[in-house]
Amino acid sequence: MTECQALKKLHMYPQNCRMRGGARKGSKKSPKLIMKTRSVICFTVTDVYDYFRALLKNDEKSDRAFTLTAEAIELNAANYTVWHYRRVLLQALEKDLREEMRYITAIIEDQPKNYQVWHHRRMVVEWLNDPSEELEFIAEILSQDAKNYHAWQHRQWVLKEYKLWDSELEYVEQLLEEDVRNNSAWNQRHYVISHTTGYSDPSILNREVQYSLKQIKKAPHNESVWNYLKGILQDRGLSSHPGLLEQILELKETHCSPYLLGFLVDIYEDSLENTSGDQVEVLSKALELCELLAQERDTIRREYWSYVGRSLQTKYCSGDPSTTSSAPETDRGSASVSVHQETTCNS
Amino acid sequence: MKLHLVYFTVLTLNSKLFFFGSGPPKRPLMLTIVFFALSGLDVLDSLNVIDKPSLIEWVYSLQVIPTEDQSNLGRCGFRGSSHIGVPYSTSKGPGVSHPYDSGHVAMTYTGLACLVLLGDDLSRVNKEACLMGLKALQLEDGSFYAVPEGSENDMRFVYCAACICYMLDDWSGMDIKKAIDYIRGSMSYDNGIGQGAGLESHGGSTFCAVAALSLMGKLEEMFSQRELNRIRRWCMMRQQNGFQGRPNKPVDTCYSFWVGATLELLDVFQYTNFEKNRNYILSTQDRLVGGFAKWPDSHPDPLHAYFGICGLSLIGEANLRRVHPALNVSQRAFEYLQHLHRTWRGTCT
């Protein structure tokens with residue numbers, strides 16, 4: 001119907017009437033016929049949007065408009081214009097925001113991977129300046145999908161904005177207990193510690209290293225824990241941590257994985273980069289590991305590990321190892337160099 | 001097998017397009033979906049099935065242009081569809097004032113991309129207005145909203161903004177330094193890149209960040225070789241057979257593009273396992289209607305159909321055009337865009 005017709009029809013219902021509609025995703029014009037009449041007024045899908053367009057154009061601020069946004073949202077919760085209009089109405093009509101929290105809670109439960117619903121919740125929480133329900137609500141959503149990116153994003157915002165750090169590390173540990181491979185939980189661990197104690201304190205750093213090693217022993221084939229361990233140590237130089245190399249070499253015997261081997265390569269590379277003097281042994285060990293990864297332990301990345309080996313060789317074999325040489329050349333199409341050949345350094 | 005794929009995929013994409021015809025479409029269409037269809041057809045070298053002039057008119061009808069008094073400059077760009085009912089007009093003459101009519105950064109990006117794909121010269125794009133609209137969306141931290149009324153802000157919209165500036169050949173639409181700061185700040189402890197600072201690193205946001213820097217021409221400048229190597233490693237580790245988006249998550253067809261293209265921009269895609277990647281993508285094909293899904297035996301959708309094709313293009317699959325890994329259009333379309341830029345700069349002979 002035209003905008004004129006829509007407005008005329010709307011005039012039959014006063015602005016302050018609370019319309020009860022029953023628009024469903026199916027309509028006369030679509031294959032799904034799921035029309036239920038809840039009350040006298042019955043909307044088709046087309047009707048809802050025709051009314052919506054008319055109200056929007058006039059920027060009408062009324063109860064019937066507010067009710068209509070709920071209908072439109074039910075048909076398509078991703079329509080950002082409808083959500084924005086609803087927020088305008090929430091404020092203009094001074095609606096009960098606690099009720100709105102209940103509303104948005106239900107919508108998110110139903111569609112937890114929609115961007116607009118989480119943004120709307122954030123706005124309402126900000127207006128209320130009340131985050132008291134948030135951590136519990138998000139935990140509930142995460143209990144259904146422990147890696148929901150929207151949920152984690154909202155959680156990080158709540159924690160930072162309202163400084164609710166106290167129980168978060170405990171929550172993270174609980175999640176890691178349930179699934180030590182939950183990468184989102186590992187990320188959250190880093191987030192919490194970074195924003196509270198930080199990693200500068202050696203006792204904290206050591207605690208985290210020990211925690212990581214413990215989780216590695218429980219489940220060695222877990223990229224997340226290895227990424228975490230490397231992440232908290234790499235900026236201080238992997239090779240400068242006393243005892244780390246030895247600990248990893250020990251683990252290699254009983255709890256090996258492609259991630260452990262890659263970690264060793266990185267320790268050796270850090271050593272090559274930051275230690276002066278003869279590093280032939282270190283280079284040789286690194287190349288051996290690249291070969292092992294390529295041929296046996298991480299064969300899907302065979303070409304990559306060969307490339308890593310070649311890069312190390314190019315960078316640290318020719319000339320003075322302490323030179324800050326330019327980037328290892330990316331060799332397109334060159335045959336991979338087998339490490340079983342002599343790695344003669346022509347210095 | 002491959003012809004089979006081409007045939008069915010064209011059919012799928014075509015069926016979305018039967019709403020087109022001459023004149024304004026009868027059913028509401030969404031610009032991002034149209035982009036997937038058009039760019040997908042282009043990679044399949046099948047854009048000839050499209051009524052280009054009609055579609056160009058439709059895209060222009062989505063442009064939010066300045067009103068007579070120019071009071072809405074900060075809201076210009078392209079809208080995603082005609083859903084709010086602004087009268088159909090193909091961008092000739094001043095805009096109609098409407099309290100809720102604004103552009104959306106992803107629609108401005110895909111709108112411009114569609115026009116380029118269709119061979120339009122962008123002469124009816126109000127470039128100054130688009131750039132004003134874009135500037136209005138950037139936050140202090142360097143990221144972007146999607147719409148001037150406010151929305152979530154993250155790496156997706158940084159990428160859209162970079163594409164817009166790149167296509168319009170004009171970086172005055174953003175504060176590059178702030179955008180770069182946002183990107184750097186989003187690098188995770190594990191060397192991937194998240195949607196924002198502190199957030200979990202993710203294949204999609206990593207692509208958005210690296211591709212945006214590439215379009216800005218700042219990739220090598222803003223990351224050291226050591227950092228680039230770290231990002232390379234994070235991306236390489238995403239391959240399981242196809243690619244996953246985050247560590248310890250299932251693989252998904254679209255990451256064959258998001259992560260694959262990132263690796264290509266970092267010069268190491270050649271070291272991935274093409275065979276396993278290809279086999280995975282093909283396993284998610286729908287034999288009945290064509291297209292691809294995120295997983296085998298799942299329902300196909302336009303996004304996964306498009307990125308499945310792009311993923312295959314990256315590995316050099318026969319009968320597919322090459323895809324530009326940063327701009328996410330065919331190399332053919334990219335070269336046409338460069339030609340346009342040369343004419344604008346007056347360096348075309």
# chains A, B, ... in the order shown; residues from 1 in each chain; ligands from 1
>>> closest_atom_pairs(of="chain A", to="chain B", cutoff="6 Å", atoms="only C-alpha atoms", output="Markdown table")
| residue | atom | partner | partner_atom | distance |
| --- | --- | --- | --- | --- |
| A:Arg53 | CA | B:Ile84 | CA | 5.4 |
| A:Asn187 | CA | B:Glu200 | CA | 5.7 |
| A:Tyr191 | CA | B:Gly198 | CA | 5.9 |
| A:Asn227 | CA | B:Asp190 | CA | 5.3 |
| A:Gly231 | CA | B:Tyr189 | CA | 4.7 |
| A:Ile300 | CA | B:Asn273 | CA | 6.0 |
| A:Glu303 | CA | B:Tyr271 | CA | 4.8 |
| A:Tyr304 | CA | B:Tyr271 | CA | 4.8 |
>>> write_last_selection(atoms="N, CA, C and O atoms", output="JSON list (two decimals), in the first residue's frame")
[["chain", "number", "residue", "atom", "x", "y", "z"],
["A", 53, "ARG", "N", 7.30, 2.36, 7.33],
["A", 53, "ARG", "CA", 7.82, 3.42, 6.46],
["A", 53, "ARG", "C", 7.05, 4.72, 6.65],
["A", 53, "ARG", "O", 7.65, 5.80, 6.69],
["A", 187, "ASN", "N", 42.14, -16.25, 25.56],
["A", 187, "ASN", "CA", 42.22, -14.83, 25.23],
["A", 187, "ASN", "C", 41.72, -13.98, 26.40],
["A", 187, "ASN", "O", 42.31, -12.96, 26.73],
["A", 191, "TYR", "N", 43.36, -11.04, 28.71],
["A", 191, "TYR", "CA", 42.68, -9.75, 28.85],
["A", 191, "TYR", "C", 42.58, -9.34, 30.33],
["A", 191, "TYR", "O", 42.92, -8.22, 30.70],
["A", 227, "ASN", "N", 50.09, -20.91, 22.19],
["A", 227, "ASN", "CA", 50.03, -19.51, 21.76],
["A", 227, "ASN", "C", 50.08, -18.57, 22.95],
["A", 227, "ASN", "O", 50.72, -17.52, 22.91],
["A", 231, "GLY", "N", 52.96, -16.05, 23.72],
["A", 231, "GLY", "CA", 52.51, -14.67, 23.73],
["A", 231, "GLY", "C", 52.99, -13.90, 24.94],
["A", 231, "GLY", "O", 53.39, -12.74, 24.83],
["A", 300, "ILE", "N", 51.11, -30.89, 6.65],
["A", 300, "ILE", "CA", 50.23, -30.02, 5.87],
["A", 300, "ILE", "C", 50.91, -28.68, 5.59],
["A", 300, "ILE", "O", 50.63, -28.02, 4.59],
["A", 303, "GLU", "N", 55.60, -27.10, 2.96],
["A", 303, "GLU", "CA", 56.26, -26.05, 2.17],
["A", 303, "GLU", "C", 56.61, -24.85, 3.05],
["A", 303, "GLU", "O", 57.65, -24.21, 2.88],
["A", 304, "TYR", "N", 55.72, -24.55, 4.01],
["A", 304, "TYR", "CA", 55.96, -23.42, 4.90],
["A", 304, "TYR", "C", 57.18, -23.66, 5.76],
["A", 304, "TYR", "O", 58.05, -22.79, 5.90]]
>>> residues_around(residues="B:Asn277", least_positions_apart="3", cutoff="12 Å", atoms="only C-alpha atoms", output="PyMOL selection string")
(chain A and resi 300-301) or (chain B and resi 238-244+251-257+259-260+269+271-274+280-284+308+311-317)
>>> write_last_selection(atoms="N, CA, C and O atoms", output="compact mmCIF listing (two decimals), in the first residue's frame")
# COMPACT_ATOMS: atom_id res chain seq x y z
N ILE A 300 51.11 -30.89 6.65
CA ILE A 300 50.23 -30.02 5.87
C ILE A 300 50.91 -28.68 5.59
O ILE A 300 50.63 -28.02 4.59
N ARG A 301 51.86 -28.31 6.49
CA ARG A 301 52.61 -27.07 6.32
C ARG A 301 54.03 -27.35 5.85
O ARG A 301 54.96 -26.58 6.14
N ARG B 238 46.20 -21.75 10.65
CA ARG B 238 44.75 -21.93 10.51
C ARG B 238 44.37 -23.06 9.58
O ARG B 238 43.25 -23.55 9.62
N GLN B 239 45.30 -23.54 8.75
CA GLN B 239 44.93 -24.62 7.83
C GLN B 239 44.89 -25.96 8.56
O GLN B 239 45.86 -26.37 9.18
N GLN B 240 43.73 -26.61 8.47
CA GLN B 240 43.55 -27.95 9.04
C GLN B 240 43.35 -28.95 7.90
O GLN B 240 43.83 -30.04 7.92
N ASN B 241 42.54 -28.58 6.97
CA ASN B 241 42.42 -29.15 5.62
C ASN B 241 41.96 -27.94 4.82
O ASN B 241 42.72 -27.35 4.07
N GLY B 242 40.74 -27.48 5.09
CA GLY B 242 40.35 -26.11 4.73
C GLY B 242 40.94 -25.21 5.80
O GLY B 242 41.93 -25.58 6.45
N PHE B 243 40.35 -24.06 6.03
CA PHE B 243 40.88 -23.13 7.02
C PHE B 243 39.85 -22.83 8.11
O PHE B 243 38.65 -22.77 7.84
N GLN B 244 40.36 -22.65 9.33
CA GLN B 244 39.51 -22.23 10.44
C GLN B 244 39.68 -20.73 10.66
O GLN B 244 40.64 -20.14 10.17
N VAL B 251 36.82 -25.80 10.74
CA VAL B 251 37.09 -25.09 9.50
C VAL B 251 35.78 -24.65 8.88
O VAL B 251 34.71 -25.16 9.19
N ASP B 252 35.87 -23.69 7.97
CA ASP B 252 34.69 -23.11 7.34
C ASP B 252 35.15 -22.55 5.99
O ASP B 252 36.17 -21.87 5.92
N THR B 253 34.39 -22.86 4.96
CA THR B 253 34.76 -22.48 3.59
C THR B 253 35.19 -21.03 3.42
O THR B 253 36.15 -20.74 2.71
N CYS B 254 34.49 -20.10 4.07
CA CYS B 254 34.80 -18.70 3.81
C CYS B 254 36.21 -18.32 4.25
O CYS B 254 36.82 -17.40 3.69
N TYR B 255 36.76 -19.04 5.23
CA TYR B 255 38.12 -18.72 5.68
C TYR B 255 39.17 -19.10 4.65
O TYR B 255 40.30 -18.61 4.71
N SER B 256 38.79 -19.96 3.71
CA SER B 256 39.72 -20.22 2.61
C SER B 256 40.03 -18.93 1.88
O SER B 256 41.12 -18.74 1.34
N PHE B 257 39.05 -17.98 1.90
CA PHE B 257 39.36 -16.67 1.35
C PHE B 257 39.96 -15.73 2.40
O PHE B 257 41.02 -15.16 2.18
N VAL B 259 41.55 -16.08 5.23
CA VAL B 259 42.92 -16.40 5.63
C VAL B 259 43.81 -16.56 4.39
O VAL B 259 44.95 -16.09 4.37
N GLY B 260 43.26 -17.20 3.36
CA GLY B 260 44.03 -17.40 2.13
C GLY B 260 44.48 -16.08 1.52
O GLY B 260 45.65 -15.92 1.15
N PHE B 269 51.12 -17.49 0.63
CA PHE B 269 50.02 -18.40 0.32
C PHE B 269 50.53 -19.60 -0.48
O PHE B 269 50.01 -20.71 -0.37
N TYR B 271 52.84 -21.43 0.08
CA TYR B 271 53.32 -22.52 0.94
C TYR B 271 52.20 -23.29 1.62
O TYR B 271 52.46 -24.17 2.42
N THR B 272 50.94 -22.94 1.32
CA THR B 272 49.84 -23.70 1.91
C THR B 272 49.62 -24.97 1.09
O THR B 272 50.18 -25.14 0.01
N ASN B 273 48.81 -25.87 1.63
CA ASN B 273 48.52 -27.12 0.94
C ASN B 273 47.29 -26.91 0.06
O ASN B 273 46.16 -26.89 0.56
N PHE B 274 47.52 -26.75 -1.24
CA PHE B 274 46.43 -26.43 -2.16
C PHE B 274 45.42 -27.58 -2.26
O PHE B 274 44.22 -27.37 -2.31
N TYR B 280 38.55 -29.57 0.54
CA TYR B 280 37.58 -29.16 1.54
C TYR B 280 36.51 -28.26 0.92
O TYR B 280 35.31 -28.47 1.11
N ILE B 281 36.95 -27.25 0.18
CA ILE B 281 35.97 -26.32 -0.41
C ILE B 281 34.96 -27.08 -1.26
O ILE B 281 33.75 -26.89 -1.15
N LEU B 282 35.46 -27.97 -2.09
CA LEU B 282 34.57 -28.71 -2.97
C LEU B 282 33.62 -29.62 -2.19
O LEU B 282 32.50 -29.88 -2.63
N SER B 283 34.07 -30.07 -1.02
CA SER B 283 33.20 -30.95 -0.22
C SER B 283 32.01 -30.19 0.35
O SER B 283 31.04 -30.79 0.80
N THR B 284 32.07 -28.85 0.33
CA THR B 284 30.97 -28.06 0.90
C THR B 284 30.02 -27.58 -0.19
O THR B 284 29.08 -26.82 0.07
N GLY B 308 33.63 -19.30 -1.39
CA GLY B 308 34.10 -20.60 -1.85
C GLY B 308 34.77 -20.45 -3.22
O GLY B 308 35.88 -20.96 -3.45
N GLY B 311 37.99 -18.59 -2.81
CA GLY B 311 39.00 -19.48 -2.23
C GLY B 311 39.62 -20.35 -3.32
O GLY B 311 40.84 -20.56 -3.34
N LEU B 312 38.80 -20.85 -4.22
CA LEU B 312 39.30 -21.67 -5.34
C LEU B 312 40.13 -20.82 -6.30
O LEU B 312 41.14 -21.28 -6.84
N SER B 313 39.70 -19.59 -6.49
CA SER B 313 40.44 -18.70 -7.39
C SER B 313 41.86 -18.47 -6.89
O SER B 313 42.81 -18.44 -7.66
N LEU B 314 42.00 -18.33 -5.56
CA LEU B 314 43.32 -18.09 -4.99
C LEU B 314 44.30 -19.22 -5.31
O LEU B 314 45.49 -18.98 -5.46
N ILE B 315 43.78 -20.46 -5.38
CA ILE B 315 44.69 -21.56 -5.67
C ILE B 315 44.85 -21.79 -7.17
O ILE B 315 45.48 -22.75 -7.59
N GLY B 316 44.25 -20.88 -7.96
CA GLY B 316 44.46 -20.95 -9.40
C GLY B 316 43.56 -21.94 -10.10
O GLY B 316 43.91 -22.45 -11.16
N GLU B 317 42.41 -22.20 -9.52
CA GLU B 317 41.46 -23.14 -10.12
C GLU B 317 41.13 -22.71 -11.56
O GLU B 317 40.93 -21.53 -11.84
>>> closest_residue(among="A:Asn114, A:Lys147, A:Gly262, A:Glu168", to="B:Gly245", atoms="only C-alpha atoms")
A:Lys147
>>> residues_around(residues="B:Leu122", least_positions_apart="5", cutoff="9 Å", atoms="only C-alpha atoms", output="ChimeraX atom specification")
/B:112,115-116,127,168,340
>>> write_last_selection(atoms="N, CA, C and O atoms", output="short mmCIF file (atom, residue, chain, number, x, y, z; two decimals), in the first residue's frame")
data_model
loop_
_atom_site.label_atom_id
_atom_site.label_comp_id
_atom_site.auth_asym_id
_atom_site.auth_seq_id
_atom_site.Cartn_x
_atom_site.Cartn_y
_atom_site.Cartn_z
N LEU B 112 29.83 0.88 -4.42
CA LEU B 112 30.89 1.30 -5.33
C LEU B 112 31.49 0.10 -6.05
O LEU B 112 31.75 0.14 -7.26
N LEU B 115 29.27 -1.04 -8.85
CA LEU B 115 29.34 -0.13 -10.01
C LEU B 115 30.61 -0.42 -10.83
O LEU B 115 30.58 -0.46 -12.05
N VAL B 116 31.72 -0.60 -10.11
CA VAL B 116 32.98 -0.91 -10.80
C VAL B 116 32.85 -2.23 -11.56
O VAL B 116 33.24 -2.34 -12.73
N LYS B 127 31.27 12.09 -4.95
CA LYS B 127 32.44 11.64 -4.20
C LYS B 127 32.65 12.46 -2.93
O LYS B 127 32.94 11.92 -1.87
N LEU B 168 37.58 5.43 -4.53
CA LEU B 168 37.39 6.84 -4.91
C LEU B 168 38.72 7.55 -5.10
O LEU B 168 38.76 8.73 -5.46
N LEU B 340 40.19 3.82 -14.55
CA LEU B 340 39.37 4.97 -14.14
C LEU B 340 40.22 6.00 -13.40
O LEU B 340 40.13 7.20 -13.67
#
>>> atom_distance(atom1="atom CA of B:Leu215", atom2="atom CA of B:Gly346")
21.5 Å
>>> residues_around(residues="A:Leu169", least_positions_apart="4", cutoff="8 Å", atoms="only C-alpha atoms", output="PyMOL selection string")
chain A and resi 165+173+189+192-193
>>> write_last_selection(atoms="N, CA, C and O atoms", output="PDB file, in the first residue's frame")
ATOM      1  N   TRP A 165      36.409  -6.519  37.552  1.00  0.00           N
ATOM      2  CA  TRP A 165      37.417  -7.546  37.333  1.00  0.00           C
ATOM      3  C   TRP A 165      37.466  -8.660  38.369  1.00  0.00           C
ATOM      4  O   TRP A 165      37.984  -9.741  38.102  1.00  0.00           O
ATOM      5  N   GLU A 173      39.089 -19.591  34.610  1.00  0.00           N
ATOM      6  CA  GLU A 173      39.640 -20.896  35.009  1.00  0.00           C
ATOM      7  C   GLU A 173      38.571 -21.975  34.984  1.00  0.00           C
ATOM      8  O   GLU A 173      38.836 -23.116  34.613  1.00  0.00           O
ATOM      9  N   ARG A 189      41.742 -14.776  29.497  1.00  0.00           N
ATOM     10  CA  ARG A 189      42.737 -14.847  30.571  1.00  0.00           C
ATOM     11  C   ARG A 189      43.762 -13.731  30.378  1.00  0.00           C
ATOM     12  O   ARG A 189      44.090 -12.994  31.315  1.00  0.00           O
ATOM     13  N   VAL A 192      42.135 -10.270  31.147  1.00  0.00           N
ATOM     14  CA  VAL A 192      41.960  -9.984  32.570  1.00  0.00           C
ATOM     15  C   VAL A 192      43.285  -9.610  33.230  1.00  0.00           C
ATOM     16  O   VAL A 192      43.394  -8.588  33.906  1.00  0.00           O
ATOM     17  N   ILE A 193      44.286 -10.439  33.024  1.00  0.00           N
ATOM     18  CA  ILE A 193      45.573 -10.195  33.679  1.00  0.00           C
ATOM     19  C   ILE A 193      46.193  -8.898  33.173  1.00  0.00           C
ATOM     20  O   ILE A 193      46.723  -8.105  33.969  1.00  0.00           O
TER      21      ILE A 193
END
>>> atom_distance(atom1="atom CA of A:Tyr307", atom2="atom CA of A:Tyr259")
17.2 Å
>>> select_by_dssp(residues="stretch 89-321 of chain A", states="alpha helix (DSSP H)", output="ChimeraX atom specification")
/A:89-92,97-110,115-128,134-144,149-162,168-178,183-195,202-218,223-233,244-254,258-274,280-292,302-317
>>> closest_residue(among="A:Lys57, A:Lys163, A:Lys217, A:Arg236", to="A:Tyr199", atoms="only C-alpha atoms")
A:Arg236
>>> atom_distance(atom1="atom CA of B:Pro53", atom2="atom CA of B:Thr110")
17.2 Å
>>> closest_residue(among="B:Arg156, B:Val49, B:Leu29, B:Val43", to="B:Gly80", atoms="only C-alpha atoms")
B:Leu29
